[in-house]
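So the structure is just underneath, and the comments pick up after that.
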Amino acid sequence: MHLPLDSIVGRDPELGIARQFILDAAAAGPGSLVLEGVAGIGKSAIWSRVVHDARAEGVAVRVCRCSESDRAFAFAGLGDLLDGLDGDVLSGLPRVQGQALSAALLRSGDSFEPVGTRVVGVAVLSVLRGLARSGPLVLAVDDVQWLDASSRSALSFALRRLADEPVRLIVSCRTEPGGTGAAEADLGIRGQRLTVGPVSVGVLQRIVSAQLGRTFSRPTLTRLHEATGGNPMICLEMARALHRRGRDPDVGEPLPVPADLRLLVTERLEGLSEAARQLLLVTAALAHPTVASVLAAFDDSEASSRALTEASAAGLVEFEGERIHFLHPLLASIPYAALAPDDRRRLHRQLAASVTQPEERARHAALGSLERSAVIADALDAASRHARARGSFDAAAELAHLAVSRTPVSEPDALVRRSLDAAEYQFLLGDTAKAHSVIEACLDEAPRGPLRVRGLLMAATIASWESGDATVAALCARAMTEAGDDPLLRARCYVTLADTSPSGATTDLSHAERAVELLESIDAPPTELLAAALTNVALHACRLGRGLDVTGLERAVAMQVAGPLVPVSDRAAPVLGMYLKVVDRFDESRTWLQQVQTSAVDEGDDSALPNTLGHLATLECWAGRFEPALEYAVEGRERAVRTGIRAPMAASAHVLILAHLGRLDEARALGEADLAADDALDFASAVALHSRSLGVTEQMAGNTESAAAHLLRAVRISTEEVGIREPAILRAHPDAVAVLLTLGRLAEAETLIEQLDVSTRTNQLPWSTALAGRCHGLLSAATGARAPALALLESAVADHQHLPMPFERAQTRLIFADLLRRCGHRRDARRQLVAARATFVELGTPGPAARADVELASLGGRTATTALTRVEQRVADLAGQGQTNREVAATLVMSVRTVESHLGRIYRKLGVRSRTELASRLHAQ
């Protein structure tokens, strides 16, 4: 691909850099180029030329020209960039993404499900990846400082997630004198910044000559250059003013240099007809000025068409299809800003009568009046909800605040409701301080009943993130008092209490159950509220050891599928996926969790992914699938870092997996760092998870005292501080029992075994049944009751057939074999050891496999190492002594490739992964 080198006047170096930036797309992948500089310096001219040249060479370019009026309109910039997008592209997106993008671009009419900006961002990412498959894609944004917040959010979300796709972003950005104002111009995608500076006197002469068809004397040009600082646009406007005079200024005569460009731009516009000037004002005030929308604002379409032609001939506007663009933003902003307030309001009233898009129409109506008006407030209220449904919380919040400002004081209920709407949007935007201040301001004005309850519960939800349980409980109690006997309002209070969990699992469960009872007593209760209540009932009941209400959760999932879209983290599906693994239904758990992962990716819900990945990692670790488990854990940890949130489930699973794989030093280092970080935050549930994983790590390393300390801390925090009564959730009890018995601390072990027994009697879970049996066998052996111990362990091995945890079954076999050997049942012991060792090797867990080898060796006869062939044994011995593959090959007179093949088989047979592990295994024999 070759881009032509002809250029605009005096900007060859800048154009060369920009062209090379486009050329590098295929090889270098995503990147940005920010053309930054003060107003009028020539950024847009360079940007326009690069866009023109790229298109001329067949490069796919999508363009957005921002204007100051665009900033107030949701997804205005994104609409420009994706204008003319093939319908097949949208139809090829996942359903939720296609719906979100269609709503954002106003392609789906007035009826669509509410979505979030993140979903729009993921949809944009999918579109960009799809477009880039055909070759380099250029996104060109002019005057990015005026890009609306919704478009900025969606584009930034998408651009930050590009990997190696050939997508290039080129933007122009106005900076203030001194260079400030372009910090976020790259929309989050790293790249280059090119400061567009002043031009020389010679270049100014060429610009003036090309634009005006005349030249000025060198002294006059020098004075123009000095007066404008080499700014081409300002110089050209001043030159036009001199041109109208028809002569060069006399010596000592001042140049037409105002403090800014207002007078020059005004002077330029004065040559136009009144109709053309009015048309330009309408164009400046519209979010997306098209020929049709501009002409629709006037009664006489023929006269307006002539005025539009006049403005174009004067070099003030240009056309891109039906879209109208000012040649420079100052030509729009200066005359609009110069309007008297009454004239500006009159202009907006004119537009409110002609535009059809609800949000824009309502905004123009609001800007066209200072009075409080029920009609205008209603329109703004509807527009706010429309913007929310399109996924633009920024526009929704702004419109809601406008609605509040226009609501008559004679409508107090509407005033409070709209204030609470505005607060909710601010909360969804992450501005909890502003949301809280809005709620506080309107609570005193709110009448008793639904609005006051809503405000108090919103304040409670915000407090759950900021102020702690006492504040949450107090606010919910006030809401409950305000609710009186209204079953729906009381149900909302109970659901908030169960959601925010200020009172402990037992009380939280009673709140959730009461909410379900109240809601089911109402005809046609809100499905989203009932789904939340059912989810909380199942969640808290399972945590208390009362089993998992799968039917209730499936009912909640069905309600949420049929209802409005809610954030992934707030759905019943994640709870169902997470807790199905607790009740040992691993295949179903995996299916649900993977569906949740897909939803989070499709909808851009980054906050839901680390926890979901952590549960997937834990599930696969329990299932003995350590390779995918490790991938999930690492990805979960990395995503948590990128999003700036704590993800103890992923982090603790990572440590647990590394410990099983024999990477004990790595596991210990990570686990201790994780524990220290969450200890400092008093993050109790996280501390329990980290302590559990560190306890297993130390147990596998043979550090029994340290293992006991960590495991007992995990159990204590989980049961006493977090309130979890179901041992199958943390699964630390069996390992804690084992190390306690090793240390001779039988009474403490018995207490933990009793807790396992309660779970077994209540729920009959395969895990608690098999592991309680193992623990009872260990306890009996520790007290010298060998015959009962043998029977208990034999039964436990059989019970493992119903538990999809091969590692735990192999561990129970290993324990059983040790007792069989000590009781003199050497043949039975060998059978159990061989089976256990085969599982450990298959799973890739070298530590337990080595222990099985030691046990087999103590029995005599054929051991793991003698299972190697004679040649494999010689290769293993030499490699274990530290020889390289080449040295082993030389010693045994074979090729290096043959040595590598032998080592591969040796590693698989012995369950090791490195020469270090091989040497340790051979030394243990």
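To be explicit about the labels: the chains of the structure tokens are called A, B, and onward in the order shown, and within each one the residues are counted from 1, while ligands get numbers from 1 in the order they are shown.
Residues in contact with Cys173 in chain A at up to 6 Å, not including ones fewer than 4 positions away on its chain and judged by only C-alpha atoms, are Glu36, Asp143, Val144 and Gln145 of chain A.
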| message | Report as a PyMOL selection string all protein, DNA and RNA residues lying within 12 Å of His52 in chain A, evaluated on only C-alpha atoms, omitting residues in the same chain fewer than 3 positions from it. | response | chain A and resi 3-4+6-8+15+19+44-49+55-63+138+140
File of the preceding selection, C-alpha atoms, as a PDB file, in the first residue's frame:
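Below you can see result16.pdb, which holds the result:
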```pdb
ATOM      1  CA  LEU A   3      -0.007   6.752   0.113  1.00  0.00           C
ATOM      2  CA  PRO A   4       0.640   9.767  -2.143  1.00  0.00           C
ATOM      3  CA  ASP A   6       1.515  15.531  -2.170  1.00  0.00           C
ATOM      4  CA  SER A   7       0.582  17.638   0.836  1.00  0.00           C
ATOM      5  CA  ILE A   8      -1.186  20.676   2.168  1.00  0.00           C
ATOM      6  CA  LEU A  15       1.798  14.499   6.971  1.00  0.00           C
ATOM      7  CA  ARG A  19       0.912   8.632   6.668  1.00  0.00           C
ATOM      8  CA  SER A  44      -8.051  19.546  11.190  1.00  0.00           C
ATOM      9  CA  ALA A  45      -6.456  20.306   7.836  1.00  0.00           C
ATOM     10  CA  ILE A  46      -3.782  17.650   8.408  1.00  0.00           C
ATOM     11  CA  TRP A  47      -6.391  15.222   9.750  1.00  0.00           C
ATOM     12  CA  SER A  48      -8.638  15.790   6.720  1.00  0.00           C
ATOM     13  CA  ARG A  49      -5.804  15.271   4.258  1.00  0.00           C
ATOM     14  CA  ARG A  55      -9.465   6.529   1.431  1.00  0.00           C
ATOM     15  CA  ALA A  56      -7.933   7.204  -1.986  1.00  0.00           C
ATOM     16  CA  GLU A  57      -5.686   4.194  -1.427  1.00  0.00           C
ATOM     17  CA  GLY A  58      -8.538   1.899  -0.463  1.00  0.00           C
ATOM     18  CA  VAL A  59      -8.004   1.937   3.305  1.00  0.00           C
ATOM     19  CA  ALA A  60     -11.221   1.536   5.298  1.00  0.00           C
ATOM     20  CA  VAL A  61     -11.808   4.786   7.163  1.00  0.00           C
ATOM     21  CA  ARG A  62     -14.621   5.648   9.550  1.00  0.00           C
ATOM     22  CA  VAL A  63     -14.986   9.320  10.366  1.00  0.00           C
ATOM     23  CA  VAL A 138      -8.733   3.742  10.486  1.00  0.00           C
ATOM     24  CA  ALA A 140     -10.675   9.258  12.466  1.00  0.00           C
TER      25      ALA A 140
END
```
| query | Leaving out Gly202 in chain A and any residue of its chain fewer than 4 positions from it, which residues lie within 12 Å of it when counting only C-alpha atoms, given as a list in words? | reply | Val9, Gly10, Pro198, Arg206, Ile207, Val208, Ser209, Thr215, Phe216, Ser217, Arg218, Pro219, Leu221, Thr222, Leu224, His225, Gly230 and Pro232 of chain A
Next, the residues of the selection above should be written as a short mmCIF file (atom, residue, chain, number, x, y, z; two decimals), in the first residue's frame with all heavy atoms.
```
data_model
loop_
_atom_site.label_atom_id
_atom_site.label_comp_id
_atom_site.auth_asym_id
_atom_site.auth_seq_id
_atom_site.Cartn_x
_atom_site.Cartn_y
_atom_site.Cartn_z
N VAL A 9 -0.17 22.84 2.33
CA VAL A 9 0.96 23.78 2.35
C VAL A 9 1.71 23.73 3.68
O VAL A 9 1.12 23.91 4.75
CB VAL A 9 0.47 25.21 2.09
CG1 VAL A 9 1.62 26.20 2.19
CG2 VAL A 9 -0.18 25.29 0.71
N GLY A 10 3.01 23.47 3.60
CA GLY A 10 3.90 23.62 4.74
C GLY A 10 3.81 22.57 5.81
O GLY A 10 4.39 22.73 6.88
N PRO A 198 3.31 26.30 14.99
CA PRO A 198 3.13 27.41 14.04
C PRO A 198 3.88 27.15 12.74
O PRO A 198 4.82 26.35 12.68
CB PRO A 198 3.71 28.61 14.79
CG PRO A 198 4.67 28.01 15.78
CD PRO A 198 4.08 26.70 16.19
N ARG A 206 2.28 31.37 1.19
CA ARG A 206 1.70 30.40 0.25
C ARG A 206 0.24 30.12 0.58
O ARG A 206 -0.60 29.97 -0.30
CB ARG A 206 2.51 29.11 0.29
CG ARG A 206 3.93 29.27 -0.29
CD ARG A 206 4.83 28.12 0.12
NE ARG A 206 4.32 26.82 -0.33
CZ ARG A 206 4.76 25.66 0.13
NH1 ARG A 206 5.72 25.64 1.07
NH2 ARG A 206 4.27 24.53 -0.34
N ILE A 207 -0.10 30.05 1.88
CA ILE A 207 -1.49 29.81 2.28
C ILE A 207 -2.38 30.97 1.84
O ILE A 207 -3.45 30.77 1.26
CB ILE A 207 -1.57 29.61 3.82
CG1 ILE A 207 -0.88 28.31 4.23
CG2 ILE A 207 -3.03 29.62 4.28
CD1 ILE A 207 -0.76 28.12 5.72
N VAL A 208 -1.94 32.20 2.10
CA VAL A 208 -2.73 33.38 1.74
C VAL A 208 -2.91 33.45 0.23
O VAL A 208 -4.00 33.73 -0.28
CB VAL A 208 -2.05 34.66 2.28
CG1 VAL A 208 -2.72 35.91 1.69
CG2 VAL A 208 -2.12 34.68 3.80
N SER A 209 -1.84 33.17 -0.48
CA SER A 209 -1.91 33.23 -1.94
C SER A 209 -2.89 32.19 -2.48
O SER A 209 -3.69 32.47 -3.38
CB SER A 209 -0.52 33.01 -2.54
OG SER A 209 -0.58 32.99 -3.94
N THR A 215 -1.24 38.25 -2.82
CA THR A 215 -0.18 38.24 -1.83
C THR A 215 -0.09 39.62 -1.18
O THR A 215 -0.62 40.60 -1.70
CB THR A 215 1.18 37.89 -2.46
OG1 THR A 215 1.50 38.89 -3.45
CG2 THR A 215 1.15 36.52 -3.11
N PHE A 216 0.60 39.64 -0.05
CA PHE A 216 0.90 40.89 0.63
C PHE A 216 2.41 41.09 0.65
O PHE A 216 3.19 40.15 0.38
CB PHE A 216 0.36 40.86 2.07
CG PHE A 216 -1.14 40.80 2.16
CD1 PHE A 216 -1.80 39.59 2.30
CD2 PHE A 216 -1.89 41.97 2.08
CE1 PHE A 216 -3.18 39.53 2.38
CE2 PHE A 216 -3.27 41.92 2.16
CZ PHE A 216 -3.93 40.70 2.30
N SER A 217 2.80 42.28 0.94
CA SER A 217 4.23 42.56 1.02
C SER A 217 4.86 41.77 2.15
O SER A 217 4.18 41.36 3.10
CB SER A 217 4.46 44.06 1.25
OG SER A 217 3.94 44.43 2.52
N ARG A 218 6.17 41.57 2.03
CA ARG A 218 6.87 40.80 3.07
C ARG A 218 6.73 41.45 4.44
O ARG A 218 6.48 40.74 5.43
CB ARG A 218 8.36 40.68 2.70
CG ARG A 218 9.16 39.78 3.62
CD ARG A 218 8.79 38.31 3.43
NE ARG A 218 9.57 37.43 4.27
CZ ARG A 218 9.56 36.11 4.18
NH1 ARG A 218 8.80 35.52 3.27
NH2 ARG A 218 10.30 35.37 4.97
N PRO A 219 6.84 42.79 4.57
CA PRO A 219 6.65 43.38 5.90
C PRO A 219 5.27 43.10 6.47
O PRO A 219 5.11 42.84 7.66
CB PRO A 219 6.87 44.88 5.64
CG PRO A 219 7.76 44.93 4.47
CD PRO A 219 7.32 43.79 3.60
N LEU A 221 3.30 40.53 5.73
CA LEU A 221 3.25 39.11 6.12
C LEU A 221 4.00 38.87 7.42
O LEU A 221 3.56 38.08 8.26
CB LEU A 221 3.85 38.25 5.00
CG LEU A 221 2.96 38.09 3.75
CD1 LEU A 221 3.76 37.45 2.63
CD2 LEU A 221 1.73 37.24 4.05
N THR A 222 5.13 39.54 7.58
CA THR A 222 5.90 39.37 8.82
C THR A 222 5.09 39.87 10.00
O THR A 222 5.07 39.24 11.07
CB THR A 222 7.22 40.14 8.72
OG1 THR A 222 7.99 39.63 7.62
CG2 THR A 222 8.03 39.97 10.01
N LEU A 224 1.82 40.02 10.18
CA LEU A 224 0.75 39.04 10.39
C LEU A 224 1.27 37.82 11.16
O LEU A 224 0.61 37.29 12.06
CB LEU A 224 0.16 38.60 9.05
CG LEU A 224 -0.76 39.59 8.34
CD1 LEU A 224 -1.06 39.11 6.93
CD2 LEU A 224 -2.06 39.77 9.12
N HIS A 225 2.45 37.36 10.78
CA HIS A 225 3.05 36.19 11.43
C HIS A 225 3.30 36.47 12.91
O HIS A 225 3.00 35.66 13.79
CB HIS A 225 4.34 35.80 10.71
CG HIS A 225 4.95 34.52 11.24
ND1 HIS A 225 5.84 34.51 12.28
CD2 HIS A 225 4.79 33.22 10.86
CE1 HIS A 225 6.21 33.27 12.53
NE2 HIS A 225 5.58 32.46 11.66
N GLY A 230 2.09 32.67 14.10
CA GLY A 230 2.21 31.62 13.09
C GLY A 230 1.00 30.73 13.00
O GLY A 230 1.07 29.63 12.44
N PRO A 232 -2.15 29.57 11.31
CA PRO A 232 -2.64 29.76 9.94
C PRO A 232 -4.06 30.31 9.87
O PRO A 232 -4.35 31.19 9.06
CB PRO A 232 -2.56 28.36 9.33
CG PRO A 232 -1.56 27.64 10.15
CD PRO A 232 -1.71 28.18 11.53
#
```
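When CA of Leu443 in chain A is paired with CA of Asn536 in chain A, their separation reads 28.0 Å.
Closest approach to Leu347 in chain A among A:Ala284, A:Glu237, A:Ile729, A:Ala505: A:Ala284, based on only C-alpha atoms.
Using only C-alpha atoms, the smallest distance between any of A:Gln560, A:Ser691, A:Thr507, A:Asn703 and Leu529 in chain A comes from A:Gln560.
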